[in-house]
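data01.cif (mmCIF, C-alpha atoms and all ligand atoms)
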data_start
loop_
_atom_site.label_atom_id
_atom_site.label_comp_id
_atom_site.auth_asym_id
_atom_site.auth_seq_id
_atom_site.Cartn_x
_atom_site.Cartn_y
_atom_site.Cartn_z
CA MET A 4 11.35 -13.24 4.58
CA ARG A 5 14.06 -10.65 4.90
CA ILE A 6 15.88 -8.83 2.13
CA LYS A 7 18.87 -6.54 1.92
CA VAL A 8 20.44 -4.15 -0.52
CA ASP A 9 24.18 -4.34 -0.99
CA PRO A 10 25.30 -0.69 -0.92
CA GLY A 11 28.43 -1.62 -2.81
CA LEU A 12 26.41 -2.88 -5.75
CA CYS A 13 23.44 -0.50 -5.82
CA GLU A 14 23.81 2.04 -8.61
CA GLY A 15 20.67 3.99 -7.85
CA HIS A 16 18.48 3.02 -10.76
CA ASN A 17 15.50 3.37 -8.47
CA ARG A 18 13.75 0.43 -10.06
CA CYS A 19 13.16 -1.40 -6.78
CA PHE A 20 11.43 1.61 -5.31
CA ALA A 21 9.28 2.01 -8.42
CA LEU A 22 8.18 -1.60 -8.19
CA ALA A 23 7.84 -1.92 -4.44
CA PRO A 24 7.70 1.51 -2.78
CA ASP A 25 6.62 -0.01 0.52
CA LEU A 26 9.71 -2.17 0.76
CA PHE A 27 12.46 0.29 -0.15
CA GLU A 28 13.51 3.85 0.44
CA VAL A 29 15.89 5.76 -1.75
CA ASP A 30 18.16 8.66 -0.88
CA ASP A 31 18.76 11.82 -2.92
CA TYR A 32 21.08 9.91 -5.22
CA GLY A 33 18.52 7.17 -5.82
CA LEU A 34 20.49 4.67 -3.77
CA SER A 35 18.23 2.16 -2.13
CA GLN A 36 17.84 0.66 1.30
CA ALA A 37 15.37 -1.97 2.45
CA LEU A 38 12.74 -0.59 4.80
CA ASN A 39 11.84 -2.09 8.15
CA GLY A 40 15.24 -3.71 8.56
CA GLY A 41 14.54 -5.62 5.39
CA VAL A 42 11.64 -7.54 6.91
CA VAL A 43 9.04 -8.14 4.19
CA PRO A 44 5.52 -7.97 5.59
CA PRO A 45 3.44 -11.13 5.12
CA GLY A 46 1.87 -11.26 1.69
CA ARG A 47 4.45 -8.97 0.09
CA GLU A 48 6.95 -11.64 -0.83
CA GLU A 49 6.00 -11.54 -4.50
CA GLU A 50 6.74 -7.81 -4.63
CA ALA A 51 10.09 -8.42 -3.02
CA ARG A 52 10.96 -11.09 -5.57
CA LEU A 53 9.89 -8.79 -8.38
CA ALA A 54 12.30 -6.15 -7.11
CA ILE A 55 15.07 -8.72 -6.73
CA ASP A 56 14.54 -9.99 -10.27
CA ASN A 57 14.47 -6.50 -11.74
CA CYS A 58 17.52 -5.01 -10.08
CA PRO A 59 20.03 -4.59 -12.91
CA GLU A 60 22.95 -4.73 -10.48
CA PHE A 61 21.79 -7.84 -8.60
CA ALA A 62 22.11 -5.72 -5.47
CA ILE A 63 19.04 -7.07 -3.68
CA SER A 64 19.11 -10.45 -2.05
CA VAL A 65 17.20 -12.56 0.42
CA VAL A 66 18.82 -12.82 3.83
CA GLU A 67 19.14 -16.53 4.48
CA GLY A 68 18.93 -18.09 7.87
CA ASP A 69 16.07 -16.05 9.32
S1 LIG A 101 17.05 -1.49 -8.48
FE1 LIG A 101 18.97 -2.26 -7.60
S2 LIG A 101 20.53 -0.83 -8.28
FE2 LIG A 101 18.54 0.13 -8.55
S3 LIG A 101 18.16 1.34 -6.69
FE3 LIG A 101 17.24 -0.68 -6.42
S4 LIG A 101 18.83 -1.90 -5.40
FE4 LIG A 101 19.81 -0.13 -6.29
#

Show me this structure written as structure tokens.
Ligand code: SF4
Amino acid sequence: MRIKVDPGLCEGHNRCFALAPDLFEVDDYGLSQALNGGVVPPGREEEARLAIDNCPEFAISVVEGD
């Protein structure tokens, strides 16, 4: 599973990082980026989905076709 954050949509609420700190990093403005090129380690898919479902800007998505 691979995820990505759309930088054009992310508003820096920091919620993804709060829910899944191992999957995201945030800059000084709270804007998020998926760690590890967005590759979700095995067994962490549920965390990734939690972050996706809780992003108020719908900025996180699963990269299809991997
Ligand atoms: S929860 Fe969504 S809007 Fe907030 S920092 Fe994460 S990706 Fe950005």

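Relative to atom CA of A:Gly33, atom S2 of ligand LIG 101 (chain A) is found at 8.6 Å.
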
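Here the question is which of A:Val65, A:Gly40, A:Glu48, A:Phe27 gets nearest to ligand LIG 101 (chain A) using all atoms listed in the file, and that residue is A:Phe27.
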
Check: Near A:Leu12, counting all atoms listed in the file, which residues have an atom at most 10 Å away, once you skip same-chain residues fewer than 5 positions from it, shown as number ranges by chain?
Finding: A: 34, 59-63

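When atom CA of A:Asp30 is paired with atom CA of A:Val66, their separation reads 22.0 Å.
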
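If you look at atom CA of A:Glu28 and atom CA of A:Gly68, they are 23.8 Å away from each other.
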
Using only C-alpha atoms, determine which residues lie at most 9 Å from A:Cys19, disregarding the query and same-chain residues fewer than 2 positions distant; provide the list as a PyMOL selection string. chain A and resi 16-17+21-24+26-28+35+51+53-55+57-58+63

*Using only C-alpha atoms and all ligand atoms, which residue out of A:Met4, A:Asn39, A:Glu49, A:Ser64 lies closest to ligand LIG 101 (chain A)?*
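Nearest candidate to ligand LIG 101 (chain A) out of A:Met4, A:Asn39, A:Glu49, A:Ser64: A:Ser64.
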
Q.
Using only C-alpha atoms and all ligand atoms for the distances, tell me which of A:Cys13, A:Asp56, A:Asp25, A:Leu38 is nearest to ligand LIG 101 (chain A).
A.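 Closest residue, counting only C-alpha atoms and all ligand atoms: A:Cys13.
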
key: Residue nearest ligand LIG 101 (chain A) among A:Arg47, A:Arg18, A:Lys7, A:Arg52 (counting all atoms listed in the file)   =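 When distances to ligand LIG 101 (chain A) are compared using all atoms listed in the file, the smallest one comes from A:Arg18.
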
Between A:Val8, A:Glu67, A:Asp31, A:Gly46, smallest distance to ligand LIG 101 (chain A) by all atoms listed in the file belongs to A:Val8

Closest to ligand LIG 101 (chain A) among A:Val43, A:Val29, A:Gly15, A:Gln36, using only C-alpha atoms and all ligand atoms?
->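 Selected residue with least distance to ligand LIG 101 (chain A): A:Gly15.
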